[in-house]
$ cat query.cif   # mmCIF, C-alpha atoms
data_start
loop_
_atom_site.group_PDB
_atom_site.id
_atom_site.type_symbol
_atom_site.label_atom_id
_atom_site.label_comp_id
_atom_site.auth_asym_id
_atom_site.auth_seq_id
_atom_site.Cartn_x
_atom_site.Cartn_y
_atom_site.Cartn_z
ATOM 1 C CA MET A 274 194.175 -2.413 105.151
ATOM 2 C CA PRO A 275 192.576 -2.122 108.595
ATOM 3 C CA PHE A 276 190.488 0.970 109.407
ATOM 4 C CA SER A 277 191.886 3.409 111.867
ATOM 5 C CA GLN A 278 190.039 4.348 115.046
ATOM 6 C CA GLU A 279 189.201 7.736 113.583
ATOM 7 C CA GLN A 280 187.631 6.185 110.472
ATOM 8 C CA LEU A 281 185.549 3.782 112.577
ATOM 9 C CA ASP A 282 184.299 6.662 114.692
ATOM 10 C CA ILE A 283 183.235 8.549 111.566
ATOM 11 C CA PHE A 284 181.450 5.481 110.204
ATOM 12 C CA VAL A 285 179.599 4.895 113.481
ATOM 13 C CA LEU A 286 178.671 8.564 113.634
ATOM 14 C CA ALA A 287 177.327 8.416 110.068
ATOM 15 C CA VAL A 288 175.247 5.328 110.880
ATOM 16 C CA TRP A 289 173.770 6.908 113.972
ATOM 17 C CA GLY A 290 173.120 10.100 112.021
ATOM 18 C CA ALA A 291 171.270 8.146 109.340
ATOM 19 C CA ILE A 292 169.241 6.351 112.007
ATOM 20 C CA PHE A 293 168.443 9.653 113.674
ATOM 21 C CA PHE A 294 167.286 11.259 110.423
ATOM 22 C CA TYR A 295 165.202 8.191 109.558
ATOM 23 C CA VAL A 296 163.504 8.240 112.966
ATOM 24 C CA ALA A 297 162.958 12.007 112.674
ATOM 25 C CA PHE A 298 161.475 11.498 109.223
ATOM 26 C CA LYS A 299 159.086 8.850 110.591
ATOM 27 C CA PHE A 300 158.020 11.156 113.414
ATOM 28 C CA VAL A 301 157.363 13.925 110.901
ATOM 29 C CA LYS A 302 155.377 11.505 108.700
ATOM 30 C CA SER A 303 153.332 10.532 111.734
ATOM 31 C CA ILE A 304 151.897 14.046 111.746
ATOM 32 C CA CYS A 305 148.955 13.814 109.338
ATOM 33 C CA LEU A 306 146.999 16.824 108.023
ATOM 34 C CA VAL A 307 143.929 15.691 106.095
ATOM 35 C CA PRO A 308 142.483 18.259 103.617
ATOM 36 C CA THR A 309 138.763 18.909 103.216
ATOM 37 C CA LYS A 310 136.878 16.341 101.122
ATOM 38 C CA LYS A 311 139.660 13.790 101.608
ATOM 39 C CA ALA A 312 139.673 10.519 103.537
ATOM 40 C CA TYR A 313 142.809 8.686 104.717
ATOM 41 C CA VAL A 314 142.550 4.964 105.472
ATOM 42 C CA VAL A 315 145.065 4.055 108.206
ATOM 43 C CA GLU A 316 146.428 0.555 108.833
ATOM 44 C CA ARG A 317 148.216 -0.576 111.994
ATOM 45 C CA LEU A 318 150.656 -3.395 111.400
ATOM 46 C CA GLY A 319 148.888 -4.283 108.157
ATOM 47 C CA LYS A 320 145.364 -4.280 109.623
ATOM 48 C CA TYR A 321 142.695 -1.608 109.146
ATOM 49 C CA ARG A 322 142.644 0.775 112.091
ATOM 50 C CA SER A 323 140.631 3.920 111.223
ATOM 51 C CA THR A 324 139.541 6.411 108.603
ATOM 52 C CA LEU A 325 140.876 9.918 109.105
ATOM 53 C CA GLU A 326 138.623 12.805 108.139
ATOM 54 C CA ALA A 327 139.625 16.421 107.487
ATOM 55 C CA GLY A 328 141.822 17.908 110.219
ATOM 56 C CA PHE A 329 144.988 17.249 112.250
ATOM 57 C CA HIS A 330 145.894 13.675 113.231
ATOM 58 C CA LEU A 331 148.920 12.032 114.877
ATOM 59 C CA LEU A 332 149.969 8.485 113.972
ATOM 60 C CA LEU A 333 152.297 6.093 115.758
ATOM 61 C CA PRO A 334 155.616 5.926 113.935
ATOM 62 C CA PHE A 335 156.649 2.533 112.523
ATOM 63 C CA ILE A 336 153.236 1.089 113.454
ATOM 64 C CA ASP A 337 150.565 3.170 111.677
ATOM 65 C CA ARG A 338 150.620 4.026 107.995
ATOM 66 C CA VAL A 339 148.257 5.669 105.524
ATOM 67 C CA ALA A 340 147.365 2.844 103.161
ATOM 68 C CA TYR A 341 144.751 4.594 100.935
ATOM 69 C CA ILE A 342 143.824 8.166 100.163
ATOM 70 C CA HIS A 343 140.375 8.825 98.671
ATOM 71 C CA ASP A 344 138.920 11.974 97.153
ATOM 72 C CA LEU A 345 135.331 12.383 98.369
ATOM 73 C CA LYS A 346 134.406 14.881 95.667
ATOM 74 C CA GLU A 347 132.393 13.848 92.624
ATOM 75 C CA GLU A 348 134.657 12.836 89.773
ATOM 76 C CA THR A 349 134.245 11.988 86.101
ATOM 77 C CA ILE A 350 135.511 8.878 84.360
ATOM 78 C CA ASN A 351 135.664 8.779 80.581
ATOM 79 C CA VAL A 352 134.409 5.534 79.082
ATOM 80 C CA PRO A 353 136.488 4.892 75.933
ATOM 81 C CA PRO A 354 134.736 4.176 72.624
ATOM 82 C CA GLN A 355 133.587 0.600 72.094
ATOM 83 C CA GLU A 356 131.841 -1.284 69.297
ATOM 84 C CA CYS A 357 128.250 -2.366 69.918
ATOM 85 C CA PHE A 358 125.782 -4.236 67.731
ATOM 86 C CA SER A 359 122.180 -3.092 67.605
ATOM 87 C CA ARG A 360 119.233 -5.480 67.309
ATOM 88 C CA ASP A 361 119.186 -5.013 63.528
ATOM 89 C CA GLU A 362 122.889 -6.034 63.441
ATOM 90 C CA VAL A 363 124.383 -2.610 62.778
ATOM 91 C CA ASN A 364 127.802 -1.946 64.293
ATOM 92 C CA VAL A 365 127.975 1.381 66.162
ATOM 93 C CA GLU A 366 130.725 2.975 68.228
ATOM 94 C CA VAL A 367 129.639 4.340 71.607
ATOM 95 C CA ASP A 368 131.508 6.302 74.280
ATOM 96 C CA GLY A 369 130.393 8.131 77.401
ATOM 97 C CA VAL A 370 131.278 9.570 80.780
ATOM 98 C CA ILE A 371 130.464 8.417 84.332
ATOM 99 C CA TYR A 372 129.968 10.722 87.330
ATOM 100 C CA ILE A 373 130.804 8.873 90.557
ATOM 101 C CA GLN A 374 131.628 9.692 94.170
ATOM 102 C CA VAL A 375 133.246 7.730 97.006
ATOM 103 C CA VAL A 376 130.805 7.445 99.911
ATOM 104 C CA ASP A 377 132.473 4.646 101.917
ATOM 105 C CA PRO A 378 136.298 4.818 101.946
ATOM 106 C CA ILE A 379 136.609 1.409 103.663
ATOM 107 C CA LYS A 380 134.675 -0.460 100.933
ATOM 108 C CA ALA A 381 136.418 1.560 98.234
ATOM 109 C CA SER A 382 139.753 0.409 99.704
ATOM 110 C CA TYR A 383 139.038 -3.225 100.512
ATOM 111 C CA GLY A 384 135.903 -4.050 98.534
ATOM 112 C CA ILE A 385 137.540 -3.892 95.104
ATOM 113 C CA THR A 386 141.002 -3.430 93.681
ATOM 114 C CA ASP A 387 140.251 -0.459 91.402
ATOM 115 C CA TYR A 388 136.708 0.906 91.532
ATOM 116 C CA ARG A 389 137.325 3.335 88.666
ATOM 117 C CA PHE A 390 138.374 0.615 86.239
ATOM 118 C CA ALA A 391 135.580 -1.659 87.456
ATOM 119 C CA ALA A 392 132.941 1.075 86.948
ATOM 120 C CA MET A 393 134.229 1.779 83.447
ATOM 121 C CA GLN A 394 134.166 -1.902 82.463
ATOM 122 C CA LEU A 395 130.688 -2.424 83.897
ATOM 123 C CA ALA A 396 129.408 0.650 82.053
ATOM 124 C CA GLN A 397 130.764 -0.689 78.775
ATOM 125 C CA THR A 398 129.226 -4.131 79.171
ATOM 126 C CA THR A 399 125.871 -2.711 80.248
ATOM 127 C CA THR A 400 125.846 -0.306 77.297
ATOM 128 C CA ARG A 401 126.524 -3.177 74.888
ATOM 129 C CA SER A 402 123.712 -5.262 76.332
ATOM 130 C CA VAL A 403 121.166 -2.411 76.246
ATOM 131 C CA ILE A 404 122.023 -1.344 72.678
ATOM 132 C CA GLY A 405 121.692 -4.977 71.610
ATOM 133 C CA THR A 406 117.985 -4.793 72.452
ATOM 134 C CA LEU A 407 117.355 -1.640 70.360
ATOM 135 C CA ASP A 408 117.193 -0.935 66.647
ATOM 136 C CA LEU A 409 119.660 1.550 65.198
ATOM 137 C CA ASP A 410 117.078 4.321 64.859
ATOM 138 C CA ARG A 411 115.995 3.922 68.471
ATOM 139 C CA THR A 412 119.543 4.078 69.839
ATOM 140 C CA PHE A 413 119.615 7.798 69.009
ATOM 141 C CA GLU A 414 116.195 8.337 70.602
ATOM 142 C CA GLU A 415 116.642 6.166 73.697
ATOM 143 C CA ARG A 416 119.804 7.710 75.139
ATOM 144 C CA ASP A 417 118.028 8.405 78.405
ATOM 145 C CA VAL A 418 116.947 4.764 78.633
ATOM 146 C CA ILE A 419 120.517 3.548 78.072
ATOM 147 C CA SER A 420 121.918 6.002 80.622
ATOM 148 C CA ALA A 421 119.287 5.086 83.222
ATOM 149 C CA LYS A 422 120.002 1.353 82.809
ATOM 150 C CA VAL A 423 123.764 1.851 83.189
ATOM 151 C CA VAL A 424 123.262 3.992 86.311
ATOM 152 C CA GLU A 425 120.946 1.360 87.791
ATOM 153 C CA VAL A 426 123.473 -1.464 87.278
ATOM 154 C CA LEU A 427 126.433 0.601 88.509
ATOM 155 C CA ASP A 428 124.533 1.782 91.561
ATOM 156 C CA LYS A 429 123.803 -1.792 92.628
ATOM 157 C CA ALA A 430 127.431 -2.786 92.192
ATOM 158 C CA GLY A 431 128.598 0.429 93.858
ATOM 159 C CA GLU A 432 126.965 -0.567 97.159
ATOM 160 C CA SER A 433 129.711 -3.125 97.700
ATOM 161 C CA TRP A 434 132.406 -0.884 96.222
ATOM 162 C CA GLY A 435 131.677 2.088 98.458
ATOM 163 C CA ILE A 436 130.822 4.397 95.555
ATOM 164 C CA ARG A 437 127.688 6.128 94.305
ATOM 165 C CA VAL A 438 127.028 6.613 90.600
ATOM 166 C CA HIS A 439 125.169 9.882 90.034
ATOM 167 C CA ARG A 440 124.692 9.697 86.277
ATOM 168 C CA TYR A 441 126.012 8.310 83.033
ATOM 169 C CA GLU A 442 125.958 10.305 79.808
ATOM 170 C CA ILE A 443 126.508 8.974 76.295
ATOM 171 C CA LYS A 444 128.745 11.359 74.387
ATOM 172 C CA ASN A 445 128.660 9.888 70.889
ATOM 173 C CA ILE A 446 126.933 7.130 68.937
ATOM 174 C CA ALA A 447 128.829 6.740 65.664
ATOM 175 C CA PRO A 448 127.424 4.334 63.049
ATOM 176 C CA PRO A 449 129.524 3.132 60.082
ATOM 177 C CA LEU A 450 130.109 5.565 57.221
ATOM 178 C CA THR A 451 127.772 3.726 54.832
ATOM 179 C CA VAL A 452 124.963 3.697 57.388
ATOM 180 C CA LYS A 453 125.633 7.348 58.211
ATOM 181 C CA ASN A 454 125.355 8.305 54.532
ATOM 182 C CA ALA A 455 122.113 6.330 54.205
ATOM 183 C CA MET A 456 120.727 8.037 57.291
ATOM 184 C CA GLU A 457 121.665 11.457 55.904
ATOM 185 C CA LEU A 458 119.871 10.623 52.641
ATOM 186 C CA GLN A 459 116.847 9.501 54.626
ATOM 187 C CA VAL A 460 116.882 12.701 56.674
ATOM 188 C CA ASN A 461 117.220 14.832 53.528
ATOM 189 C CA ALA A 462 114.333 12.970 51.891
ATOM 190 C CA GLU A 463 112.193 13.468 54.968
ATOM 191 C CA ARG A 464 113.117 17.148 55.055
ATOM 192 C CA GLU A 465 112.214 17.542 51.367
ATOM 193 C CA ARG A 466 108.927 15.706 51.932
ATOM 194 C CA ARG A 467 108.053 18.052 54.773
ATOM 195 C CA ALA A 468 109.004 21.062 52.650
ATOM 196 C CA ILE A 469 106.795 19.862 49.770
ATOM 197 C CA LEU A 470 103.958 19.140 52.177
ATOM 198 C CA ALA A 471 104.299 22.554 53.796
ATOM 199 C CA LYS A 472 104.398 24.217 50.373
ATOM 200 C CA SER A 473 101.285 22.334 49.210
ATOM 201 C CA LEU A 474 99.451 23.205 52.423
ATOM 202 C CA GLY A 475 100.462 26.826 52.011
ATOM 203 C CA ASP A 476 99.282 26.826 48.380
ATOM 204 C CA LYS A 477 96.010 25.195 49.444
ATOM 205 C CA THR A 478 95.468 27.780 52.158
ATOM 206 C CA SER A 479 96.338 30.567 49.719
ATOM 207 C CA ARG A 480 93.833 29.288 47.158
ATOM 208 C CA ILE A 481 91.142 28.942 49.818
ATOM 209 C CA ASN A 482 91.794 32.437 51.108
ATOM 210 C CA ARG A 483 91.789 33.831 47.565
ATOM 211 C CA SER A 484 88.505 32.101 46.687
ATOM 212 C CA GLU A 485 86.914 33.236 49.944
ATOM 213 C CA GLY A 486 88.087 36.760 49.196
ATOM 214 C CA LEU A 487 86.597 36.636 45.689
ATOM 215 C CA MET A 488 83.356 35.209 47.078
ATOM 216 C CA ARG A 489 83.102 37.952 49.672
ATOM 217 C CA GLU A 490 83.924 40.543 47.023
ATOM 218 C CA MET A 491 81.149 39.232 44.742
ATOM 219 C CA VAL A 492 78.714 39.150 47.659
ATOM 220 C CA ASN A 493 79.625 42.707 48.576
ATOM 221 C CA ILE A 494 79.257 43.831 44.949
ATOM 222 C CA SER A 495 75.873 42.118 44.618
ATOM 223 C CA GLU A 496 74.709 43.571 47.921
ATOM 224 C CA GLY A 497 75.874 47.003 46.802
ATOM 225 C CA GLU A 498 74.133 46.645 43.426
ATOM 226 C CA LYS A 499 70.988 45.459 45.183
ATOM 227 C CA GLN A 500 71.051 48.410 47.546
ATOM 228 C CA ARG A 501 71.781 50.776 44.621
ATOM 229 C CA ARG A 502 68.762 49.494 42.708
ATOM 230 C CA ILE A 503 66.602 49.721 45.808
ATOM 231 C CA ASN A 504 67.743 53.264 46.403
ATOM 232 C CA SER A 505 67.245 54.127 42.700
ATOM 233 C CA ALA A 506 63.753 52.594 42.704
ATOM 234 C CA GLU A 507 62.870 54.401 45.895
ATOM 235 C CA GLY A 508 64.217 57.622 44.373
ATOM 236 C CA LYS A 509 62.240 57.150 41.178
ATOM 237 C CA ALA A 510 59.116 56.323 43.173
ATOM 238 C CA ALA A 511 59.615 59.429 45.265
ATOM 239 C CA GLU A 512 60.225 61.440 42.088
ATOM 240 C CA ILE A 513 57.079 60.098 40.383
ATOM 241 C CA SER A 514 55.089 60.697 43.532
ATOM 242 C CA ALA A 515 56.397 64.258 43.784
ATOM 243 C CA ILE A 516 55.726 64.926 40.077
ATOM 244 C CA ALA A 517 52.237 63.465 40.355
ATOM 245 C CA LYS A 518 51.585 65.506 43.454
ATOM 246 C CA ALA A 519 52.895 68.654 41.811
ATOM 247 C CA THR A 520 50.892 67.952 38.643
ATOM 248 C CA SER A 521 47.792 67.341 40.702
ATOM 249 C CA GLN A 522 48.307 70.588 42.555
ATOM 250 C CA ALA A 523 48.944 72.433 39.261
ATOM 251 C CA ILE A 524 45.775 71.006 37.712
ATOM 252 C CA GLU A 525 43.771 71.914 40.779
ATOM 253 C CA LYS A 526 45.127 75.469 40.710
ATOM 254 C CA MET A 527 44.487 75.736 36.948
ATOM 255 C CA ALA A 528 40.940 74.452 37.360
ATOM 256 C CA SER A 529 40.452 76.898 40.190
ATOM 257 C CA VAL A 530 41.766 79.756 38.022
ATOM 258 C CA ILE A 531 39.607 78.752 35.009
ATOM 259 C CA SER A 532 36.516 78.603 37.149
ATOM 260 C CA GLN A 533 37.049 82.172 38.277
ATOM 261 C CA GLU A 534 35.877 85.213 36.310
ATOM 262 C CA GLY A 535 38.219 85.996 33.403
ATOM 263 C CA GLY A 536 40.238 82.857 34.083
ATOM 264 C CA GLN A 537 39.537 81.243 30.725
ATOM 265 C CA GLN A 538 40.550 84.388 28.854
ATOM 266 C CA ALA A 539 43.818 84.452 30.799
ATOM 267 C CA ILE A 540 44.544 80.840 29.877
ATOM 268 C CA GLU A 541 43.804 81.554 26.236
ATOM 269 C CA MET A 542 46.161 84.526 26.310
ATOM 270 C CA GLN A 543 48.950 82.503 27.902
ATOM 271 C CA LEU A 544 48.572 79.700 25.373
ATOM 272 C CA SER A 545 48.561 82.233 22.555
ATOM 273 C CA GLU A 546 51.813 83.677 23.810
ATOM 274 C CA GLN A 547 53.379 80.244 24.051
ATOM 275 C CA TYR A 548 52.047 79.389 20.559
ATOM 276 C CA LEU A 549 53.534 82.462 19.025
ATOM 277 C CA GLN A 550 56.780 81.918 20.910
ATOM 278 C CA LYS A 551 57.088 78.425 19.431
ATOM 279 C CA MET A 552 56.276 79.686 15.938
ATOM 280 C CA LYS A 553 59.353 81.896 16.044
ATOM 281 C CA GLY A 554 61.588 78.849 16.064
ATOM 282 C CA LEU A 555 60.313 77.652 12.725
ATOM 283 C CA SER A 556 62.344 80.299 10.910
ATOM 284 C CA GLN A 557 65.708 78.582 11.634
ATOM 285 C CA GLU A 558 67.622 77.097 8.693
ATOM 286 C CA ASN A 559 67.904 73.358 8.001
ATOM 287 C CA ARG A 560 64.818 72.588 10.025
ATOM 288 C CA LYS A 561 61.909 70.671 8.603
ATOM 289 C CA VAL A 562 58.516 70.964 10.225
ATOM 290 C CA ILE A 563 55.287 69.144 9.366
ATOM 291 C CA LEU A 564 52.278 71.288 10.257
ATOM 292 C CA PRO A 565 48.563 70.784 9.802
ATOM 293 C CA ALA A 566 46.733 72.615 7.023
ATOM 294 C CA ASN A 567 44.855 74.892 9.417
ATOM 295 C CA LEU A 568 48.005 76.141 11.082
ATOM 296 C CA LEU A 569 46.755 79.748 11.162
ATOM 297 C CA ASN A 570 43.425 78.872 12.675
ATOM 298 C CA PHE A 571 44.452 79.314 16.296
ATOM 299 C CA GLU A 572 40.912 79.329 17.600
ATOM 300 C CA GLN A 573 40.333 75.850 16.195
ATOM 301 C CA TRP A 574 43.453 74.648 18.071
ATOM 302 C CA LEU A 575 42.060 76.032 21.296
ATOM 303 C CA ALA A 576 38.724 74.423 20.571
ATOM 304 C CA THR A 577 40.500 71.106 20.104
ATOM 305 C CA VAL A 578 41.965 71.250 23.624
ATOM 306 C CA GLY A 579 38.608 72.472 24.974
ATOM 307 C CA LEU A 580 39.634 76.018 25.856
ATOM 308 C CA ASN A 581 37.676 77.972 23.246
ATOM 309 C CA ASN A 582 34.063 78.311 24.264
ATOM 310 C CA SER A 583 33.191 81.095 21.786
ATOM 311 C CA LYS A 584 31.335 78.587 19.616
#
$ encode --input "query.cif" --output "structure tokens"
Amino acid sequence: MPFSQEQLDIFVLAVWGAIFFYVAFKFVKSICLVPTKKAYVVERLGKYRSTLEAGFHLLLPFIDRVAYIHDLKEETINVPPQECFSRDEVNVEVDGVIYIQVVDPIKASYGITDYRFAAMQLAQTTTRSVIGTLDLDRTFEERDVISAKVVEVLDKAGESWGIRVHRYEIKNIAPPLTVKNAMELQVNAERERRAILAKSLGDKTSRINRSEGLMREMVNISEGEKQRRINSAEGKAAEISAIAKATSQAIEKMASVISQEGGQQAIEMQLSEQYLQKMKGLSQENRKVILPANLLNFEQWLATVGLNNSK
């Protein structure tokens, strides 16, 4: 059934409308607004033309096109876990993260197909090669060495890829379960050894401090006893000296009194009083006294001590 003139006009109008909208769409797409920290790589007829930085740009419709869009901010790439063998042939599982940044959008577009995948693969291979030169115990201690080696290799490769590798961090190093259990036993044994050593050192220090304290106590006691005896001896010497001095003074005074007129009679009277005073005590019960036969001859007693000169 042939189309009528009205139907043909509608079809032509629809075609021209579609062409108009397509051309309008291309003109709108030619207006390019580049955000901050973005880079647009523009190709003209399939050939690199320019790199658009942040701002407003106008492209030629049907001729220019944005082939690549790159984020110039630093980004992280997770390196999936991989199995590595250490130098002592222990299988460990290692994963990490890479921090990279696009510095040359042209090389990042045309220097390699996918710089993210390439950086991840290179990080894995470098990690395997570095861990292969280390023993299992050192892999936990030499994380900085492994990271530095990976960054060095990636940075050299990144010069041709238009990227810069800032750092590489190892997230986990997971040995097999049997090795992990053995390492835990080793760590526990080392911890117990340190605890025993610390306890023994503490006991040793305590014993030394206690013995030094006892020694100082004994020294202090001996010094105190020495000083006490010195003080006692000095006191006794002072006492003897004072008694001797007092006795000497008493004898001198007595001799002076005896030499005076009536002095001897006074001494005899005083001794008589003392004699009689002592005789009173003999009358107490339950007291036994041994006396000489001439107890009542008082004058003979005075003559014995040299105080009776009547004879």
$ closest_residue --input "query.cif" --among "A:Gly319, A:Pro378, A:Pro353, A:Gly497" --to "Ala396 of chain A" --atoms "all atoms listed in the file"
A:Pro353
$ closest_residue --input "query.cif" --among "A:Leu325, A:Lys310, A:Thr400, A:Ser382" --to "Glu347 of chain A" --atoms "all atoms listed in the file"
A:Lys310
$ residues_around --input "query.cif" --residues "Val314 of chain A" --least-positions-apart "2" --cutoff "7 Å" --atoms "only C-alpha atoms" --output "PyMOL selection string"
chain A and resi 312+316+323-325+339-342
$ atom_distance --input "query.cif" --atom1 "atom CA of Arg322 of chain A" --atom2 "atom CA of Leu427 of chain A"
28.6 Å
$ atom_distance --input "query.cif" --atom1 "atom CA of Val375 of chain A" --atom2 "atom CA of Arg437 of chain A"
6.4 Å
$ residues_around --input "query.cif" --residues "Glu348 of chain A" --least-positions-apart "3" --cutoff "10 Å" --atoms "all atoms listed in the file" --output "VMD selection string"
chain A and resid 344 to 345 371 to 375 389 438 to 439
$ write_last_selection --input "query.cif" --atoms "C-alpha atoms" --output "tab-separated table (two decimals), keeping the file's coordinate frame"
chain	number	residue	atom	x	y	z
A	344	ASP	CA	138.92	11.97	97.15
A	345	LEU	CA	135.33	12.38	98.37
A	371	ILE	CA	130.46	8.42	84.33
A	372	TYR	CA	129.97	10.72	87.33
A	373	ILE	CA	130.80	8.87	90.56
A	374	GLN	CA	131.63	9.69	94.17
A	375	VAL	CA	133.25	7.73	97.01
A	389	ARG	CA	137.32	3.34	88.67
A	438	VAL	CA	127.03	6.61	90.60
A	439	HIS	CA	125.17	9.88	90.03
$ build_atoms --input "query.cif" --residues "segment 305-319 of chain A" --atoms "N, CA, C and O atoms" --output "short mmCIF file (atom, residue, chain, number, x, y, z; two decimals), keeping the file's coordinate frame"
data_model
loop_
_atom_site.label_atom_id
_atom_site.label_comp_id
_atom_site.auth_asym_id
_atom_site.auth_seq_id
_atom_site.Cartn_x
_atom_site.Cartn_y
_atom_site.Cartn_z
N CYS A 305 149.82 13.93 110.53
CA CYS A 305 148.96 13.81 109.34
C CYS A 305 147.94 14.96 109.32
O CYS A 305 147.14 15.12 110.25
N LEU A 306 147.97 15.75 108.25
CA LEU A 306 147.00 16.82 108.02
C LEU A 306 146.12 16.42 106.84
O LEU A 306 146.58 16.36 105.70
N VAL A 307 144.86 16.16 107.13
CA VAL A 307 143.93 15.69 106.10
C VAL A 307 143.17 16.90 105.54
O VAL A 307 142.50 17.61 106.28
N PRO A 308 143.23 17.14 104.21
CA PRO A 308 142.48 18.26 103.62
C PRO A 308 140.98 17.98 103.60
O PRO A 308 140.52 16.86 103.80
N THR A 309 140.22 19.04 103.34
CA THR A 309 138.76 18.91 103.22
C THR A 309 138.41 18.04 102.01
O THR A 309 139.07 18.11 100.97
N LYS A 310 137.36 17.26 102.16
CA LYS A 310 136.88 16.34 101.12
C LYS A 310 137.92 15.29 100.77
O LYS A 310 138.01 14.84 99.63
N LYS A 311 138.72 14.90 101.76
CA LYS A 311 139.66 13.79 101.61
C LYS A 311 139.43 12.80 102.74
O LYS A 311 138.95 13.17 103.83
N ALA A 312 139.78 11.56 102.50
CA ALA A 312 139.67 10.52 103.54
C ALA A 312 140.92 9.65 103.47
O ALA A 312 141.26 9.13 102.40
N TYR A 313 141.60 9.50 104.63
CA TYR A 313 142.81 8.69 104.72
C TYR A 313 142.47 7.40 105.46
O TYR A 313 141.95 7.44 106.58
N VAL A 314 142.76 6.27 104.84
CA VAL A 314 142.55 4.96 105.47
C VAL A 314 143.87 4.53 106.11
O VAL A 314 144.89 4.37 105.42
N VAL A 315 143.85 4.34 107.45
CA VAL A 315 145.06 4.06 108.21
C VAL A 315 145.08 2.58 108.60
O VAL A 315 144.07 2.03 109.07
N GLU A 316 146.22 1.94 108.41
CA GLU A 316 146.43 0.56 108.83
C GLU A 316 147.47 0.53 109.94
O GLU A 316 148.45 1.28 109.91
N ARG A 317 147.24 -0.36 110.91
CA ARG A 317 148.22 -0.58 111.99
C ARG A 317 148.72 -1.99 111.89
O ARG A 317 147.97 -2.95 112.05
N LEU A 318 150.00 -2.09 111.57
CA LEU A 318 150.66 -3.40 111.40
C LEU A 318 149.92 -4.23 110.36
O LEU A 318 149.70 -5.44 110.53
N GLY A 319 149.51 -3.58 109.26
CA GLY A 319 148.89 -4.28 108.16
C GLY A 319 147.39 -4.51 108.30
O GLY A 319 146.77 -5.06 107.38
#
